[in-house]
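Remarks on the structure that follows.
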Amino acid sequence: MGEETVSPKGKEYLSGWTPWRIKRYWFYGFVTIFALIAPWITIDGSHLFLLSFDKLKLHLMFIQFDMQELYLMPFLLMILFIGIFGITVLGGRVFCGWMCPQTIFRVVYRDLIETKLLGLRKRIKNKQQEPDYSKAENKIKRVVAILIWTALAFIAAADLMWYFVPPEDFMVYIQNPGQHPVLIGAILGIVAFLVYDVIFLRENFCVYVCPYSRIQSVLYDDDTVMAIYNPNRGGDIYNDQKEKMFTKQKDLLSVNANAECTTCESCVTVCPTHIDIRKGLQLECINCLECVDACTEVMGKLGKPSLVEWSSEKETLYMKGKTNYFRPKIIGYAAILIIVSIVLVMMGSTKEYMLLNINKENRLYSITQNDEGKTQVDNAYTFLLQNTLNEDHEYYFDVIAPAGMEGKIKIAKPEKPFKVKPGVVKKKVVILYTDEMLVSDDRKDTVIPITIKAYAVDAKDKVVVLRQSTFTFPRADMLKQ
C-alpha cells in the first residue's frame with residue numbers, strides 16, 4: 001500500500017506510532033550492553049555474578065561464596081525457572097521474542113548484517129524470501145556475512161566464559177592457550193555452535209530443538225497475552241481443520257461482507273518463524289510482535305486498528321471482557337518468587353568470610369607435668385581453615401568454656417596468630433590444655449562442650465566464625481597416676 005493510498009485518517013492514526021520492532025531493538029541493545037559489561041563490574045574484587053570453576057567460588061551480588069556454600073545455586077535456578085514460567089503465563093513466549101540470545105543473535109545476523117550492512121536481503125519486513133545465492137556477488141556477500149558473524153561469535157563466546165572465568169584472568173589465560181586447553185576448547189566449541197545455529201539452523205532451533213515451546217501449552221490460559229489475530233473483525237481465513245480458505249480479499253468478502261482483513265499477508269512475510277498468525281495459536285510463535293507491527297501499518301493507513309493484537313484470547317477471540325492480569329495463577333507465581341528470594345537473601349546474609357572445620361584427634365587426651373609441677377591435660381585438634389577473601393589475613397582464635405570454667409581451658413599451640421593467603425586451605429595442629437581440676441569424677445572421663453571463636457586479627461568484626469567442639473577431661477584416678 002503506497003503512501004498515496006493513505007487516508008488522512010490513516011496518517012493521523014499512525015502519527016507518533018513506534019513499532020514494537022524498534023522497541024525490541026532498543027531492548028536488545030540494553031540487554032547486550034548489560035551482558036557485556038556486567039562481568040567487568042566489581043566491588044572489592046567481587047563480581048555481580050560469577051561461577052568460577054577455576055577458583056571454586058560463587059560471586060553473587062558482589063559477595064563471594066565458597067564451593068561449600070553452593071547450596072545457594074538451587075535457589076537461583078528456582079528463581080530463574082519460576083520467573084520464566086510466570087512470565088510465560090502472563091505474556092506468552094515474551095522471553096523468546098525479547099530476551100532469548102537465540103532471537104537476538106538471529107536479528108543481528110539477519111536484520112543487521114544480511115539486510116542493512118550487506119544488502120543480501122531486500123527488506124527486513126520480508127523474512128520469507130531468501131537471497132539469490134546463484135549470483136556471484138551474493139556468494140561473496142554470504143562469505144563476508146559468515147566472517148562478520150564468526151567474529152561476533154568469538155565476542156559472544158568470550159562474554160559467556162566471563163561468567164565462569166573472571167575477565168581479568170581470562171585475558172591472561174588466552175595469551176597462553178597451550179596452558180589452558182579446556183578454556184580454548186570451550187570458546188571454539190561455543191563459536192562453532194553459534195555459527196551453525198545462527199547461520200544454518202536458524203529459527204528451526206526455536207521450532208524443533210528448544211523445549212520451551214512445548215512447555216507453553218501447559219502454561220497458557222485464556223488470559224495469557226500473546227500476538228493474536230482477531231477473526232471477529234478480520235474474518236476467518238482458516239477453517240476448523242486449519243486449512244486455508246481464502247487468499248484474496250474479494251473471496252473473503254463474498255462470504256463475510258464485514259471482514260476487514262485485506263489478505264495482504266504482511267503478517268506472514270514478516271514472521272521469523274514462518275507461520276501465519278491468522279491460523280491461531282501455534283507453538284512456533286515467539287511473541288516478537290513483528291506481525292502486530294505489519295498489520296498495524298497496513299490497517300493504520302486505512303484508519304483502522306490492527307487485526308493482530310498483543311492481547312489475550314479472552315479479550316480478543318472470545319470477547320469476554322478485559323484481560324485479567326492479576327489472576328490467582330500469576331499471584332501464586334509472584335508469591336513463590338518472593339518467598340524464594342527472601343530465603344535466598346536470608347541464607348546469603350549468613351555468609352561466613354572464612355571456613356573452618358575442626359577435627360579432634362583420635363587420642364582423647366594426654367597427661368603431663370608442666371614446669372610448675374602441676375598436672376596438665378592436653379587435647380589435640382586439627383583445624384582446616386580457608387581464607388575466602390581476596391587479601392592475606394592473620395588468624396587466631398579464643399576458647400569459650402562453659403559457665404564456671406571460664407579461662408581455665410587455654411591455648412598451648414599455636415602461640416601466636418598465623419597468616420593464610422586467599423583461597424588457601426591452611427592445616428593447623430591446635431593443642432588446648434588445662435592445669436586445673438575442671439571435674440572430679442572417679443568413674444568416667446568427662447566430655448566438656450566448648451566453643452571455638454576463630455577470627456581475623458585485623459578484621460575481628462567482619463571475619464569471625466563460631467564452631468562447637470569438645471574438651472575431654474580424664475577421670476580422677478587417671479590424674480593420680
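All residue names refer to the C-alpha cells as shown: chains lettered A, B, ... in order, residues numbered from 1 in each chain, ligands numbered from 1 in order.
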Contacts of stretch 413-427 of chain A at 7 Å (only C-alpha atoms; same-chain gap of 3+ positions) as a PyMOL selection string
chain A and resi 382-396+430-431
Could you write those residues out with N, CA, C and O atoms, as a short mmCIF file (atom, residue, chain, number, x, y, z; two decimals), in the first residue's frame?
data_model
loop_
_atom_site.label_atom_id
_atom_site.label_comp_id
_atom_site.auth_asym_id
_atom_site.auth_seq_id
_atom_site.Cartn_x
_atom_site.Cartn_y
_atom_site.Cartn_z
N THR A 382 42.86 -30.85 64.83
CA THR A 382 43.35 -30.38 63.53
C THR A 382 42.35 -29.36 63.00
O THR A 382 41.16 -29.69 62.81
N PHE A 383 42.81 -28.13 62.79
CA PHE A 383 41.98 -27.07 62.23
C PHE A 383 42.25 -26.97 60.73
O PHE A 383 43.42 -26.89 60.31
N LEU A 384 41.19 -27.00 59.93
CA LEU A 384 41.30 -26.73 58.48
C LEU A 384 40.62 -25.39 58.24
O LEU A 384 39.39 -25.28 58.30
N LEU A 385 41.42 -24.37 57.97
CA LEU A 385 40.91 -23.01 57.85
C LEU A 385 41.17 -22.48 56.45
O LEU A 385 42.28 -22.62 55.93
N GLN A 386 40.14 -21.90 55.83
CA GLN A 386 40.29 -21.33 54.49
C GLN A 386 39.93 -19.86 54.48
O GLN A 386 38.88 -19.46 55.01
N ASN A 387 40.81 -19.06 53.92
CA ASN A 387 40.57 -17.63 53.73
C ASN A 387 39.80 -17.44 52.44
O ASN A 387 40.32 -17.65 51.35
N THR A 388 38.51 -17.05 52.53
CA THR A 388 37.67 -16.89 51.33
C THR A 388 37.67 -15.46 50.81
O THR A 388 36.95 -15.15 49.87
N LEU A 389 38.47 -14.59 51.39
CA LEU A 389 38.57 -13.21 50.92
C LEU A 389 39.70 -13.08 49.90
O LEU A 389 40.38 -14.06 49.57
N ASN A 390 39.91 -11.88 49.41
CA ASN A 390 40.87 -11.66 48.34
C ASN A 390 42.23 -11.15 48.84
O ASN A 390 43.11 -10.88 48.03
N GLU A 391 42.39 -10.98 50.15
CA GLU A 391 43.66 -10.49 50.66
C GLU A 391 44.13 -11.37 51.83
O GLU A 391 43.35 -12.11 52.42
N ASP A 392 45.44 -11.28 52.10
CA ASP A 392 46.00 -12.04 53.21
C ASP A 392 45.41 -11.57 54.53
O ASP A 392 45.13 -10.38 54.71
N HIS A 393 45.24 -12.51 55.47
CA HIS A 393 44.78 -12.17 56.81
C HIS A 393 45.54 -13.03 57.82
O HIS A 393 45.96 -14.15 57.51
N GLU A 394 45.71 -12.49 59.02
CA GLU A 394 46.25 -13.26 60.13
C GLU A 394 45.09 -13.72 61.01
O GLU A 394 44.19 -12.93 61.33
N TYR A 395 45.13 -14.99 61.39
CA TYR A 395 44.01 -15.58 62.10
C TYR A 395 44.46 -16.10 63.47
O TYR A 395 45.60 -16.53 63.65
N TYR A 396 43.52 -16.05 64.40
CA TYR A 396 43.72 -16.67 65.72
C TYR A 396 42.34 -17.04 66.26
O TYR A 396 41.32 -16.85 65.55
N VAL A 430 46.33 -27.84 66.59
CA VAL A 430 46.00 -27.00 67.74
C VAL A 430 45.96 -27.87 69.00
O VAL A 430 45.39 -28.96 69.00
N ILE A 431 46.59 -27.38 70.05
CA ILE A 431 46.58 -28.09 71.33
C ILE A 431 45.99 -27.17 72.40
O ILE A 431 46.45 -26.03 72.60
#
Minimum-distance residue to A:Lys444, chosen among A:Gly16, A:Pro474, A:Gly185, A:Gly303 (using only C-alpha atoms):
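Using only C-alpha atoms, A:Lys444 sits closest to A:Pro474.
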Can you tell me, as a ChimeraX atom specification, what residues are no more than 7 Å from stretch 34-44 of chain A when counting only C-alpha atoms, ignoring any on the same chain fewer than 2 positions away?
/A:30-32,46-48,62,159,162-163,167
Considering only C-alpha atoms, return as a list of chain:residue names whatever protein or nucleic-acid residues lie within 9 Å of A:Arg93, sequence-local ones (same chain, fewer than 6 positions apart) excluded.
A:Ile87, A:Tyr212, A:Ser213, A:Gln216, A:Met226, A:Cys285, A:Ile286, A:Asn287, A:Cys288
Could you write out that same residue set with C-alpha atoms as a tab-separated table (two decimals), in the first residue's frame?
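And here's again-v7.tsv as it stands now:
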chain	number	residue	atom	x	y	z
A	87	ILE	CA	6.37	-14.54	32.55
A	212	TYR	CA	10.32	-24.16	25.90
A	213	SER	CA	7.82	-24.10	23.03
A	216	GLN	CA	3.93	-23.19	26.78
A	226	MET	CA	0.19	-13.03	23.07
A	285	CYS	CA	5.21	-18.15	17.72
A	286	ILE	CA	7.88	-16.39	19.81
A	287	ASN	CA	5.86	-13.25	20.59
A	288	CYS	CA	8.26	-10.97	18.72
Neighbouring residues of stretch 170-174 of chain A were defined as those with any atom within 12 Å, considering only C-alpha atoms; residues of the same chain fewer than 2 positions away were excluded. Please report them as a ChimeraX atom specification.
/A:39-40,52,54,157-168,176-187
With only C-alpha atoms as the atoms that count, which of A:Thr103, A:Thr368, A:Ser341, A:Ser469 lies nearest to A:Ala401?
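Result for the nearest residue to A:Ala401: A:Ser469.
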Could you list, as a list of chain:residue names, every residue within 8 Å of stretch 111-121 of chain A, counting only C-alpha atoms and ignoring same-chain residues fewer than 4 positions away?
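Contacts, in chain order: A:Arg106, A:Val107, A:Gln129, A:Glu130, A:Pro131, A:Asn138, A:Lys141, A:Arg142, A:Ala145, A:Ile148.
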Convert the current residue selection to file output with N, CA and C atoms, as a compact mmCIF listing (two decimals), in the first residue's frame.
# COMPACT_ATOMS: atom_id res chain seq x y z
N ARG A 106 19.91 -13.94 15.97
CA ARG A 106 19.31 -14.03 14.62
C ARG A 106 18.97 -12.65 14.08
N VAL A 107 18.49 -11.77 14.93
CA VAL A 107 18.18 -10.41 14.49
C VAL A 107 19.46 -9.70 14.06
N GLN A 129 11.60 -14.49 1.88
CA GLN A 129 12.38 -14.54 0.63
C GLN A 129 13.87 -14.64 0.94
N GLU A 130 14.44 -15.78 0.58
CA GLU A 130 15.86 -15.99 0.81
C GLU A 130 16.68 -15.31 -0.30
N PRO A 131 17.90 -14.90 0.01
CA PRO A 131 18.76 -14.28 -1.00
C PRO A 131 19.04 -15.24 -2.16
N ASN A 138 26.31 -12.25 -4.47
CA ASN A 138 25.68 -12.68 -3.22
C ASN A 138 26.48 -13.77 -2.53
N LYS A 141 29.08 -11.92 -0.66
CA LYS A 141 28.47 -11.27 0.50
C LYS A 141 28.16 -12.27 1.60
N ARG A 142 27.76 -13.48 1.21
CA ARG A 142 27.46 -14.51 2.21
C ARG A 142 28.72 -14.89 2.98
N ALA A 145 29.39 -12.16 5.33
CA ALA A 145 28.44 -12.22 6.45
C ALA A 145 28.85 -13.29 7.45
N ILE A 148 31.87 -11.99 9.42
CA ILE A 148 31.47 -10.98 10.41
C ILE A 148 30.82 -11.66 11.61
From atom CA of A:Phe27 to atom CA of A:Arg278 the spacing works out at 26.9 Å
Please determine, counting only C-alpha atoms, which residue among A:Val377, A:Leu283, A:Ile79, A:Ile411 has the shortest atom-to-atom distance to A:Glu436.
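Ranked by minimum distance to A:Glu436, first place goes to A:Val377.
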Selected residue, from A:Met478, A:Leu219, A:Ile367, A:Met245, that lies nearest to A:Ile330 when counting only C-alpha atoms:
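Residue with the minimum atom-to-atom distance to A:Ile330: A:Leu219.
Neighbours of A:Val198 closer than or equal to 9 Å, with only C-alpha atoms counted and sequence neighbours fewer than 5 positions away skipped, come out as A:Gln102, A:Phe105, A:Arg106, A:Tyr109, A:Arg110, A:Trp149, A:Phe193, A:Glu203, A:Phe205.
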Export, as a compact mmCIF listing (two decimals), in the first residue's frame, the selected residues with all heavy atoms.
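Wrote part18.txt, looks like this:
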# COMPACT_ATOMS: atom_id res chain seq x y z
N GLN A 102 19.19 -16.52 21.39
CA GLN A 102 18.97 -17.07 20.05
C GLN A 102 18.27 -16.05 19.16
O GLN A 102 18.68 -15.80 18.01
CB GLN A 102 18.13 -18.34 20.15
CG GLN A 102 17.47 -18.80 18.87
CD GLN A 102 18.43 -19.46 17.91
OE1 GLN A 102 19.53 -19.83 18.30
NE2 GLN A 102 18.03 -19.62 16.66
N PHE A 105 20.60 -12.97 18.50
CA PHE A 105 21.66 -13.30 17.53
C PHE A 105 21.10 -13.37 16.12
O PHE A 105 21.74 -12.92 15.16
CB PHE A 105 22.32 -14.63 17.89
CG PHE A 105 23.12 -14.57 19.17
CD1 PHE A 105 23.39 -15.73 19.88
CD2 PHE A 105 23.60 -13.38 19.67
CE1 PHE A 105 24.14 -15.70 21.05
CE2 PHE A 105 24.34 -13.32 20.84
CZ PHE A 105 24.61 -14.49 21.53
N ARG A 106 19.91 -13.94 15.97
CA ARG A 106 19.31 -14.03 14.62
C ARG A 106 18.97 -12.65 14.08
O ARG A 106 19.14 -12.38 12.89
CB ARG A 106 18.05 -14.91 14.68
CG ARG A 106 18.32 -16.39 14.58
CD ARG A 106 18.92 -16.77 13.23
NE ARG A 106 17.99 -16.51 12.13
CZ ARG A 106 18.35 -16.44 10.86
NH1 ARG A 106 19.61 -16.56 10.51
NH2 ARG A 106 17.44 -16.22 9.93
N TYR A 109 22.21 -11.08 12.90
CA TYR A 109 22.73 -11.64 11.65
C TYR A 109 21.81 -11.32 10.47
O TYR A 109 22.26 -10.84 9.44
CB TYR A 109 22.89 -13.16 11.78
CG TYR A 109 23.44 -13.79 10.51
CD1 TYR A 109 24.78 -13.65 10.18
CD2 TYR A 109 22.61 -14.49 9.63
CE1 TYR A 109 25.29 -14.21 9.01
CE2 TYR A 109 23.11 -15.05 8.47
CZ TYR A 109 24.45 -14.90 8.16
OH TYR A 109 24.96 -15.43 7.00
N ARG A 110 20.51 -11.60 10.63
CA ARG A 110 19.58 -11.44 9.51
C ARG A 110 19.27 -9.98 9.21
O ARG A 110 19.37 -9.54 8.06
CB ARG A 110 18.28 -12.21 9.83
CG ARG A 110 17.24 -12.18 8.72
CD ARG A 110 15.91 -12.72 9.23
NE ARG A 110 15.43 -11.92 10.35
CZ ARG A 110 15.08 -12.42 11.53
NH1 ARG A 110 15.18 -13.72 11.76
NH2 ARG A 110 14.65 -11.63 12.50
N TRP A 149 29.89 -12.60 11.34
CA TRP A 149 29.22 -13.25 12.45
C TRP A 149 30.18 -14.11 13.26
O TRP A 149 30.07 -14.20 14.49
CB TRP A 149 28.05 -14.11 11.96
CG TRP A 149 27.45 -14.87 13.10
CD1 TRP A 149 27.46 -16.21 13.30
CD2 TRP A 149 26.84 -14.31 14.27
NE1 TRP A 149 26.88 -16.53 14.50
CE2 TRP A 149 26.48 -15.38 15.11
CE3 TRP A 149 26.53 -13.01 14.66
CZ2 TRP A 149 25.85 -15.18 16.33
CZ3 TRP A 149 25.91 -12.80 15.89
CH2 TRP A 149 25.57 -13.89 16.70
N PHE A 193 29.21 -23.71 17.53
CA PHE A 193 27.77 -23.88 17.71
C PHE A 193 27.02 -22.63 17.26
O PHE A 193 25.98 -22.73 16.58
CB PHE A 193 27.45 -24.18 19.17
CG PHE A 193 25.98 -24.13 19.47
CD1 PHE A 193 25.15 -25.18 19.09
CD2 PHE A 193 25.42 -23.03 20.11
CE1 PHE A 193 23.78 -25.13 19.35
CE2 PHE A 193 24.06 -22.98 20.37
CZ PHE A 193 23.24 -24.03 19.99
N GLU A 203 15.82 -20.35 12.79
CA GLU A 203 14.65 -20.45 13.67
C GLU A 203 14.20 -21.89 13.88
O GLU A 203 13.32 -22.14 14.71
CB GLU A 203 13.49 -19.61 13.11
CG GLU A 203 13.56 -18.14 13.41
CD GLU A 203 14.61 -17.42 12.57
OE1 GLU A 203 15.00 -17.96 11.50
OE2 GLU A 203 15.04 -16.32 12.96
N PHE A 205 15.82 -23.93 15.39
CA PHE A 205 16.18 -24.20 16.78
C PHE A 205 14.99 -23.94 17.68
O PHE A 205 14.69 -24.73 18.58
CB PHE A 205 17.36 -23.31 17.19
CG PHE A 205 17.80 -23.52 18.61
CD1 PHE A 205 18.76 -24.47 18.93
CD2 PHE A 205 17.25 -22.77 19.65
CE1 PHE A 205 19.16 -24.67 20.24
CE2 PHE A 205 17.64 -22.96 20.96
CZ PHE A 205 18.59 -23.92 21.26
Could you pull out the residues in stretch 46-153 of chain A that DSSP calls strand (DSSP E or B) from the backbone, as a ChimeraX atom specification?
/A:46-47,49-52,57-60,63-66
Output for the residues just chosen: N, CA, C and O atoms as a PDB file, in the first residue's frame:
ATOM      1  N   SER A  46      34.883  -8.474  44.093  1.00  0.00           N
ATOM      2  CA  SER A  46      33.746  -9.385  43.962  1.00  0.00           C
ATOM      3  C   SER A  46      32.882  -8.961  42.780  1.00  0.00           C
ATOM      4  O   SER A  46      32.653  -7.770  42.565  1.00  0.00           O
ATOM      5  N   HIS A  47      32.377  -9.962  42.029  1.00  0.00           N
ATOM      6  CA  HIS A  47      31.597  -9.699  40.823  1.00  0.00           C
ATOM      7  C   HIS A  47      30.098  -9.737  41.120  1.00  0.00           C
ATOM      8  O   HIS A  47      29.660 -10.276  42.137  1.00  0.00           O
ATOM      9  N   PHE A  49      27.897 -11.432  39.241  1.00  0.00           N
ATOM     10  CA  PHE A  49      27.648 -12.873  39.184  1.00  0.00           C
ATOM     11  C   PHE A  49      28.853 -13.538  38.538  1.00  0.00           C
ATOM     12  O   PHE A  49      29.296 -13.136  37.467  1.00  0.00           O
ATOM     13  N   LEU A  50      29.367 -14.548  39.200  1.00  0.00           N
ATOM     14  CA  LEU A  50      30.493 -15.314  38.666  1.00  0.00           C
ATOM     15  C   LEU A  50      30.481 -16.688  39.313  1.00  0.00           C
ATOM     16  O   LEU A  50      30.487 -16.804  40.537  1.00  0.00           O
ATOM     17  N   LEU A  51      30.424 -17.712  38.480  1.00  0.00           N
ATOM     18  CA  LEU A  51      30.536 -19.083  38.964  1.00  0.00           C
ATOM     19  C   LEU A  51      31.891 -19.594  38.496  1.00  0.00           C
ATOM     20  O   LEU A  51      32.026 -20.116  37.387  1.00  0.00           O
ATOM     21  N   SER A  52      32.894 -19.397  39.325  1.00  0.00           N
ATOM     22  CA  SER A  52      34.276 -19.672  38.943  1.00  0.00           C
ATOM     23  C   SER A  52      34.660 -21.116  39.251  1.00  0.00           C
ATOM     24  O   SER A  52      34.799 -21.493  40.407  1.00  0.00           O
ATOM     25  N   LYS A  57      34.611 -20.728  43.322  1.00  0.00           N
ATOM     26  CA  LYS A  57      33.859 -19.732  44.078  1.00  0.00           C
ATOM     27  C   LYS A  57      32.624 -19.283  43.302  1.00  0.00           C
ATOM     28  O   LYS A  57      32.589 -19.319  42.078  1.00  0.00           O
ATOM     29  N   LEU A  58      31.629 -18.868  44.060  1.00  0.00           N
ATOM     30  CA  LEU A  58      30.438 -18.245  43.501  1.00  0.00           C
ATOM     31  C   LEU A  58      30.388 -16.805  43.969  1.00  0.00           C
ATOM     32  O   LEU A  58      30.437 -16.535  45.167  1.00  0.00           O
ATOM     33  N   HIS A  59      30.312 -15.871  43.009  1.00  0.00           N
ATOM     34  CA  HIS A  59      30.114 -14.462  43.327  1.00  0.00           C
ATOM     35  C   HIS A  59      28.654 -14.126  43.035  1.00  0.00           C
ATOM     36  O   HIS A  59      28.164 -14.362  41.934  1.00  0.00           O
ATOM     37  N   LEU A  60      27.979 -13.569  43.997  1.00  0.00           N
ATOM     38  CA  LEU A  60      26.577 -13.209  43.823  1.00  0.00           C
ATOM     39  C   LEU A  60      26.317 -11.878  44.506  1.00  0.00           C
ATOM     40  O   LEU A  60      26.519 -11.754  45.721  1.00  0.00           O
ATOM     41  N   ILE A  63      29.138 -10.503  46.559  1.00  0.00           N
ATOM     42  CA  ILE A  63      29.545 -11.268  47.737  1.00  0.00           C
ATOM     43  C   ILE A  63      30.104 -12.596  47.251  1.00  0.00           C
ATOM     44  O   ILE A  63      29.523 -13.243  46.380  1.00  0.00           O
ATOM     45  N   GLN A  64      31.235 -13.011  47.799  1.00  0.00           N
ATOM     46  CA  GLN A  64      31.862 -14.253  47.395  1.00  0.00           C
ATOM     47  C   GLN A  64      31.440 -15.403  48.309  1.00  0.00           C
ATOM     48  O   GLN A  64      31.405 -15.256  49.529  1.00  0.00           O
ATOM     49  N   PHE A  65      31.120 -16.525  47.673  1.00  0.00           N
ATOM     50  CA  PHE A  65      30.773 -17.733  48.409  1.00  0.00           C
ATOM     51  C   PHE A  65      31.698 -18.856  47.960  1.00  0.00           C
ATOM     52  O   PHE A  65      31.982 -18.994  46.769  1.00  0.00           O
ATOM     53  N   ASP A  66      32.151 -19.645  48.907  1.00  0.00           N
ATOM     54  CA  ASP A  66      32.996 -20.772  48.579  1.00  0.00           C
ATOM     55  C   ASP A  66      32.132 -21.909  48.040  1.00  0.00           C
ATOM     56  O   ASP A  66      30.905 -21.895  48.164  1.00  0.00           O
TER      57      ASP A  66
END
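For the atom pair formed by atom CA of A:Arg24 and atom CA of A:Leu302, the distance is 25.4 Å, given to one decimal.
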So, with only C-alpha atoms as the atoms that count, which of A:Gln241, A:Asn359, A:Thr446, A:Thr224 lies closest to A:Arg327?
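For A:Arg327, the nearest of the given residues is A:Thr224.
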